[in-house]
Every structure is written in structure tokens, then in C-alpha cells.
$ cat upload09.txt   # compact mmCIF, C-alpha atoms
# COMPACT_ATOMS: atom_id res chain seq x y z
CA MET A 1 89.25 92.33 98.32
CA ASN A 2 87.92 88.78 98.25
CA ASN A 3 85.53 89.36 101.14
CA GLU A 4 82.75 91.16 99.23
CA ILE A 5 80.92 87.83 98.83
CA GLU A 6 80.58 86.82 102.41
CA ILE A 7 80.72 83.09 103.20
CA ILE A 8 79.06 82.54 106.55
CA ARG A 9 79.95 79.68 108.87
CA TYR A 10 77.97 78.41 111.84
CA PRO A 11 80.55 77.33 114.44
CA GLN A 12 78.24 76.77 117.43
CA ILE A 13 74.57 76.47 116.42
CA PRO A 14 73.37 75.21 113.01
CA TYR A 15 72.28 78.00 110.64
CA LEU A 16 73.28 80.71 113.13
CA ASN A 17 76.36 82.89 113.60
CA ALA A 18 77.01 85.78 116.00
CA PHE A 19 79.91 88.09 116.75
CA VAL A 20 80.72 91.55 118.08
CA ILE A 21 82.70 93.80 115.75
CA GLY A 22 83.96 97.36 115.53
CA ILE A 23 82.93 98.94 112.23
CA GLU A 24 84.30 102.05 110.58
CA TYR A 25 83.60 100.95 107.02
CA ARG A 26 82.40 97.78 105.34
CA THR A 27 82.41 97.75 101.55
CA PRO A 28 79.24 96.69 99.66
CA HIS A 29 78.69 92.95 100.13
CA LEU A 30 75.90 90.41 100.39
CA HIS A 31 75.13 86.98 101.79
CA ARG A 32 72.26 84.53 101.81
CA ASP A 33 71.38 85.01 105.48
CA PHE A 34 69.17 87.40 107.41
CA GLU A 35 71.31 89.83 109.37
CA ILE A 36 70.58 91.74 112.56
CA ASP A 37 73.02 94.54 113.41
CA LEU A 38 72.42 95.87 116.94
CA VAL A 39 74.52 98.96 117.70
CA LEU A 40 76.09 98.60 121.14
CA GLU A 41 77.99 101.89 121.04
CA GLY A 42 78.26 104.73 118.54
CA SER A 43 76.20 105.15 115.39
CA LEU A 44 76.07 103.16 112.17
CA ASN A 45 74.98 104.20 108.68
CA LEU A 46 73.45 101.69 106.28
CA HIS A 47 73.26 102.01 102.50
CA CYS A 48 71.06 99.31 100.96
CA ARG A 49 69.20 99.27 97.62
CA GLY A 50 68.88 103.06 97.44
CA GLU A 51 67.99 103.49 101.11
CA THR A 52 70.21 105.33 103.60
CA ALA A 53 69.50 104.96 107.31
CA THR A 54 71.20 105.51 110.67
CA ALA A 55 71.08 103.33 113.80
CA ARG A 56 72.37 104.71 117.09
CA THR A 57 73.21 102.99 120.36
CA GLY A 58 70.42 100.55 121.22
CA GLU A 59 68.98 100.55 117.68
CA LEU A 60 69.39 97.98 114.94
CA PHE A 61 69.21 97.16 111.25
CA LEU A 62 67.38 94.13 109.88
CA LEU A 63 68.57 92.87 106.48
CA ASN A 64 67.01 90.27 104.20
CA PRO A 65 69.00 87.56 102.39
CA ASN A 66 70.73 88.60 99.16
CA GLU A 67 70.52 92.34 99.91
CA PRO A 68 73.75 94.15 98.99
CA HIS A 69 74.60 96.56 101.80
CA GLU A 70 77.32 98.97 102.82
CA LEU A 71 78.07 100.04 106.41
CA ARG A 72 79.82 103.18 107.64
CA SER A 73 80.51 104.72 111.04
CA ALA A 74 82.17 108.06 111.68
CA ASP A 75 82.89 107.12 115.29
CA GLY A 76 83.76 103.43 114.92
CA ALA A 77 80.55 101.77 116.07
CA SER A 78 80.56 98.61 118.18
CA VAL A 79 77.98 96.20 116.76
CA LEU A 80 76.42 92.87 117.77
CA CYS A 81 75.89 91.05 114.48
CA LEU A 82 73.62 88.01 114.10
CA GLN A 83 73.54 86.15 110.80
CA ILE A 84 70.67 83.71 110.46
CA ALA A 85 70.14 81.32 107.55
CA PRO A 86 66.53 81.07 106.31
CA ASN A 87 66.71 77.36 107.18
CA PHE A 88 67.00 78.24 110.88
CA PHE A 89 63.39 79.39 111.22
CA ALA A 90 62.17 77.02 108.50
CA GLN A 91 62.81 74.21 110.99
CA PHE A 92 59.79 75.50 112.93
CA LEU A 93 57.90 77.57 110.34
CA PRO A 94 58.63 76.29 106.79
CA ALA A 95 57.07 79.40 105.21
CA ASP A 96 59.65 81.62 106.90
CA ARG A 97 62.21 80.47 104.33
CA HIS A 98 60.41 82.77 101.86
CA VAL A 99 59.74 85.69 104.23
CA ARG A 100 61.18 89.13 103.50
CA PHE A 101 60.81 92.17 105.73
CA GLY A 102 59.68 95.51 104.29
CA THR A 103 61.97 97.71 106.37
CA HIS A 104 65.61 97.81 107.44
CA THR A 105 64.87 99.95 110.51
CA PRO A 106 62.37 98.07 112.73
CA TYR A 107 62.67 100.40 115.70
CA ALA A 108 61.27 103.29 113.68
CA GLN A 109 57.96 101.37 113.70
CA PHE A 110 58.08 99.81 117.17
CA GLU A 111 56.75 101.26 120.40
CA THR A 112 59.17 101.59 123.31
CA GLY A 113 58.01 98.29 124.86
CA SER A 114 58.74 96.29 121.71
CA ARG A 115 62.18 97.89 121.31
CA THR A 116 63.06 97.20 124.92
CA ALA A 117 61.90 93.57 124.73
CA CYS A 118 63.76 92.98 121.47
CA ASN A 119 67.01 94.37 122.85
CA ARG A 120 66.64 92.27 125.99
CA PHE A 121 66.17 89.08 123.97
CA LEU A 122 69.13 89.85 121.68
CA LEU A 123 71.49 90.81 124.51
CA GLU A 124 70.52 87.72 126.50
CA PHE A 125 71.12 85.68 123.38
CA ALA A 126 74.61 87.17 123.11
CA GLU A 127 75.39 86.55 126.78
CA TYR A 128 74.61 82.82 126.48
CA TYR A 129 76.16 82.47 123.01
CA PHE A 130 79.54 83.85 124.05
CA ARG A 131 79.69 82.46 127.61
CA LYS A 132 78.53 78.95 126.56
CA PRO A 133 77.11 77.72 129.90
CA PRO A 134 75.56 74.22 129.94
CA SER A 135 72.64 73.91 127.49
CA TYR A 136 73.28 77.46 126.29
CA GLN A 137 72.02 76.54 122.81
CA LEU A 138 68.44 76.24 124.13
CA ARG A 139 68.56 79.69 125.73
CA CYS A 140 70.04 81.18 122.54
CA ILE A 141 67.36 79.67 120.33
CA GLY A 142 64.60 80.72 122.72
CA ASN A 143 65.75 84.34 122.91
CA LEU A 144 66.25 84.62 119.17
CA CYS A 145 62.83 83.13 118.41
CA SER A 146 61.22 85.58 120.86
CA ALA A 147 62.87 88.53 119.08
CA TRP A 148 61.91 87.11 115.69
CA GLU A 149 58.28 86.82 116.76
CA ILE A 150 58.29 90.55 117.54
CA PHE A 151 59.67 91.27 114.06
CA LEU A 152 57.08 89.05 112.35
CA ASN A 153 54.15 90.52 114.24
CA GLY A 154 55.22 94.16 114.19
CA LEU A 155 56.74 94.74 110.75
CA PRO A 156 55.55 94.66 107.14
CA VAL A 157 56.30 91.17 105.84
CA LYS A 158 56.06 89.65 102.39
CA THR A 159 56.21 85.97 101.49
CA LEU A 160 57.90 85.54 98.12
CA THR A 161 56.39 83.29 95.49
CA ASP A 162 58.52 80.66 93.76
CA GLU A 163 58.70 82.95 90.72
CA GLU A 164 59.88 85.89 92.83
CA LEU A 165 62.48 83.69 94.52
CA PHE A 166 63.72 82.59 91.09
CA THR A 167 63.98 86.21 89.91
CA ASP A 168 65.74 87.23 93.12
CA GLU A 169 68.24 84.39 92.70
CA LYS A 170 68.97 85.43 89.10
CA LYS A 171 69.71 88.99 90.22
CA THR A 172 71.89 87.72 93.04
CA GLN A 173 73.90 85.48 90.72
CA ARG A 174 74.46 88.39 88.32
CA LEU A 175 75.64 90.60 91.15
CA LEU A 176 77.99 87.89 92.40
CA ARG A 177 79.45 87.55 88.89
CA LEU A 178 79.89 91.33 88.73
CA LEU A 179 81.67 91.45 92.10
CA ASP A 180 83.91 88.56 91.06
CA PHE A 181 84.70 90.23 87.71
CA THR A 182 85.58 93.48 89.48
CA ASP A 183 87.61 91.77 92.20
CA LYS A 184 89.77 90.02 89.61
CA ASN A 185 90.35 93.07 87.43
CA TYR A 186 90.18 96.32 89.41
CA THR A 187 93.97 96.74 89.70
CA ARG A 188 94.24 97.11 85.93
CA LYS A 189 92.17 98.80 83.23
CA ILE A 190 88.59 97.61 83.66
CA ARG A 191 85.42 98.48 81.75
CA LEU A 192 81.82 97.79 82.65
CA GLN A 193 81.21 97.40 78.91
CA ASP A 194 83.25 94.20 78.94
CA PHE A 195 81.06 92.68 81.64
CA ALA A 196 77.91 93.91 79.86
CA GLU A 197 78.97 92.04 76.74
CA GLN A 198 79.72 88.95 78.82
CA GLU A 199 76.18 89.11 80.29
CA GLY A 200 74.48 89.98 77.02
CA LEU A 201 73.12 93.25 78.44
CA SER A 202 73.20 96.86 77.34
CA LEU A 203 75.60 99.18 79.14
CA PHE A 204 72.67 101.38 80.16
CA HIS A 205 70.78 98.47 81.76
CA LEU A 206 73.85 97.20 83.59
CA SER A 207 74.85 100.69 84.80
CA ARG A 208 71.42 101.07 86.36
CA PHE A 209 71.70 97.58 87.90
CA VAL A 210 75.03 98.52 89.53
CA LYS A 211 73.69 101.80 90.89
CA GLU A 212 70.58 100.11 92.34
CA ASN A 213 72.52 97.35 94.05
CA LEU A 214 75.77 99.04 95.13
CA ASN A 215 74.52 102.57 95.80
CA MET A 216 77.27 103.91 93.55
CA THR A 217 78.39 103.86 89.94
CA PHE A 218 80.68 101.15 88.65
CA GLN A 219 83.62 103.55 88.42
CA GLU A 220 83.02 104.77 91.97
CA TYR A 221 83.04 101.17 93.16
CA VAL A 222 86.31 100.42 91.33
CA THR A 223 87.92 103.57 92.73
CA MET A 224 86.82 102.61 96.24
CA LEU A 225 88.39 99.15 95.93
CA ARG A 226 91.63 100.65 94.65
CA PHE A 227 91.71 103.22 97.43
CA HIS A 228 91.20 100.64 100.19
CA LEU A 229 93.94 98.43 98.72
CA ALA A 230 96.24 101.45 98.61
CA CYS A 231 95.52 102.17 102.30
CA LYS A 232 96.47 98.60 103.21
CA LEU A 233 99.70 98.80 101.22
CA LEU A 234 100.63 102.14 102.75
CA LEU A 235 100.36 100.57 106.20
CA SER A 236 101.98 97.22 105.41
CA SER A 237 104.71 97.93 102.86
CA LYS A 238 107.65 100.25 102.30
CA LYS A 239 106.77 100.93 98.67
CA SER A 240 106.71 104.47 97.35
CA LEU A 241 103.44 106.29 96.80
CA LEU A 242 103.92 106.01 93.04
CA GLU A 243 104.55 102.26 93.23
CA ILE A 244 101.42 101.77 95.35
CA ALA A 245 99.30 103.91 93.03
CA MET A 246 100.39 101.88 90.00
CA GLU A 247 99.93 98.56 91.79
CA CYS A 248 96.37 99.51 92.76
CA GLY A 249 95.36 100.57 89.26
CA PHE A 250 95.66 104.34 89.63
CA SER A 251 97.43 106.20 86.83
CA ASP A 252 98.60 109.01 89.11
CA THR A 253 99.38 109.54 92.80
CA ARG A 254 96.91 112.46 92.84
CA TYR A 255 94.08 109.91 93.14
CA LEU A 256 95.36 109.01 96.62
CA TYR A 257 94.94 112.50 98.02
CA ALA A 258 91.67 113.58 99.62
$ encode --input "upload09.txt" --output "C-alpha cells"
Amino acid sequence: MNNEIEIIRYPQIPYLNAFVIGIEYRTPHLHRDFEIDLVLEGSLNLHCRGETATARTGELFLLNPNEPHELRSADGASVLCLQIAPNFFAQFLPADRHVRFGTHTPYAQFETGSRTACNRFLLEFAEYYFRKPPSYQLRCIGNLCSAWEIFLNGLPVKTLTDEELFTDEKKTQRLLRLLDFTDKNYTRKIRLQDFAEQEGLSLFHLSRFVKENLNMTFQEYVTMLRFHLACKLLLSSKKSLLEIAMECGFSDTRYLYA
């Protein structure tokens, strides 16, 4: 499960990545980029820092850097995903490096005209990004900046101070260490207490930190990782159910039944 800390690459335009993906479930993860998830078909559920929201066809989520988030879709949503490094807009507006939006669901606050314009800019961006006609980069940048202007002018926005950025980075680094600790140990006996001692924190404080950032308890997160590994092994190996359960860290095959 080494993909919970997402490393983003920018294969075509500096500080910018885009792709279309089908999503049924994406485990809690985070990255240092802004993310726009425009639902092309189906519906998508977002769980992020205690908030649960739904975006349907033609709606989107807007995520800030370093926000752990989990995505689910009962019908296998098709999503246009844009990942934008803070440095992208800082080339034009240096202060935007520190900007954070106050909502994950912009269209709940936009009038129909703003939603329509935003979708048009994002879909035109995607058309040029994937087709790559001559000078497509200019059209991509122009469309994205037009959509971003609508976000900046129509949504609650906060500019973080240097102190707030430092605090945010400390929390992010702790969460990354926690995800790494869990990723390396979830197939055997694992205790949050061990990580709490490593961090010099109380178990109570760290349990609350996990719940706030992952939308689940530590044990629920470990069980989820084990279950998804078991699903992969069931599809890709000829091992018995008992062998798979033991390999994934379960003490009994009953944990694999719904």
C-alpha cells in the first residue's frame, strides 16, 4: 500500500498534472498540491478532515495542499482530476502559494453561471491537455487561470501566515510518518502506542490526531489496509483463504467476510 503518500509528477506542464480516472475507492492519502476533482459521470463521496460531501455529475471537489482525503463511489465515478502545485499560481501571484480555500464544495456556493463557466474552462483545459495541439500549453494555462479566478473571487479564502504554514507542515510531517509506520507494519501486530512513544505523544492525543486526519480510528485504518491487500491477493494468487488472512495480518478468516 505504498501509494498513500502520493508523489505527483508534471509530465507536460510545470507544476501541473491532469488525468481522467474511474474511482470506486481511494484510501486516505495526501499530497502537497491543490486538487480539483470534476465528476464526469456518476457520483463521488469525499471524506476530509471530518467533513463528508457528495459531488454528482458536473460537480467538483476542491482540495487544499496537505489535506488527507478519502474518496468513494458506489457507482464507479469517472473523474477529471487536476493536481496543481502552489508554485504554479505563485508564478503570477506570489501570495497564492499561501492561499487556502474554506470549502471543498465550491458549487454549493456558486450561482449557475459561475458553475457553468467553471466547467467550461476545466473541460476546455482537458481537451487541449490530452489532445496536445500546437501551443496547447497556452490554452491550458489560460483556461485553468480563468477557473481559478472564479474560485478566488467566489469562495472563502484564507492566506496562511508563516507561523500557520510552519504548524501545518509539522502536522503533515507527523501524518506522513504515521502512514509510513503503518504501511511498514500493518501485516503484523501493530500498536498505535508504539508510534505514540516514538513521537513523544500521549495515546489519547495521537488517537484524536488520527481520527481528525483519517476520518477513522487507527485500528479501522489498519483493518482497511489489510482488507484491501487481501482482496488483491484473492484476485492475483492461488493461496488459500487462511494463508491470505495470515499474510495480511488477520488472525482468522472470519475478518474477510462481510
$ closest_residue --input "upload09.txt" --among "A:Arg97, A:Arg32, A:Glu70, A:Gly142" --to "Gln173 (chain A)" --atoms "all atoms listed in the file"
A:Arg32
$ residues_around --input "upload09.txt" --residues "Cys118 (chain A)" --least-positions-apart "2" --cutoff "12 Å" --atoms "all atoms listed in the file" --output "JSON, numbers by chain"
{"A": [36, 38, 58, 59, 60, 106, 107, 110, 111, 112, 113, 114, 115, 116, 120, 121, 122, 123, 124, 125, 143, 144, 145, 146, 147, 148, 149, 150, 151, 152, 154]}
$ closest_residue --input "upload09.txt" --among "A:Thr57, A:Ser236, A:Asn66, A:Ser73" --to "Lys171 (chain A)" --atoms "all atoms listed in the file"
A:Asn66
$ closest_residue --input "upload09.txt" --among "A:Phe89, A:Phe181, A:Tyr186, A:Phe34" --to "Ala18 (chain A)" --atoms "all atoms listed in the file"
A:Phe34
$ atom_distance --input "upload09.txt" --atom1 "CA of Gly249 (chain A)" --atom2 "CA of His47 (chain A)"
25.8 Å
$ closest_residue --input "upload09.txt" --among "A:Ala95, A:Met224, A:Ile13, A:Gly22" --to "Asp162 (chain A)" --atoms "all atoms listed in the file"
A:Ala95
$ residues_around --input "upload09.txt" --residues "Leu241 (chain A)" --least-positions-apart "4" --cutoff "10 Å" --atoms "all atoms listed in the file" --output "list in words"
Ala230, Leu233, Leu234, Ala245, Met246, Glu247, Asp252, Thr253, Arg254 and Leu256 of chain A
$ residues_around --input "upload09.txt" --residues "Ser43 (chain A)" --least-positions-apart "4" --cutoff "8 Å" --atoms "all atoms listed in the file" --output "PyMOL selection string"
chain A and resi 39+54-57+73-77
$ residues_around --input "upload09.txt" --residues "Glu212 (chain A)" --least-positions-apart "5" --cutoff "12 Å" --atoms "all atoms listed in the file" --output "list in words"
Pro28, His47, Cys48, Arg49, Gly50, Glu51, Glu67, Pro68, His69, Lys171, Leu175, His205, Leu206, Ser207, Thr217 and Phe218 of chain A
$ atom_distance --input "upload09.txt" --atom1 "CA of Arg188 (chain A)" --atom2 "CA of Tyr25 (chain A)"
23.9 Å
$ residues_around --input "upload09.txt" --residues "Thr52 (chain A)" --least-positions-apart "6" --cutoff "12 Å" --atoms "all atoms listed in the file" --output "list in words"
Leu44, Asn45, Leu46, Phe61, His69, Glu70, Leu71, Arg72, Thr103, His104, Thr105, Leu214 and Asn215 of chain A
$ closest_residue --input "upload09.txt" --among "A:Glu41, A:Thr27, A:Pro11, A:Ala117" --to "Glu220 (chain A)" --atoms "only C-alpha atoms"
A:Thr27
$ closest_residue --input "upload09.txt" --among "A:Leu138, A:Leu160, A:Ala53, A:Leu80" --to "Ala108 (chain A)" --atoms "only C-alpha atoms"
A:Ala53
$ atom_distance --input "upload09.txt" --atom1 "CA of Pro65 (chain A)" --atom2 "CA of Gln83 (chain A)"
9.7 Å
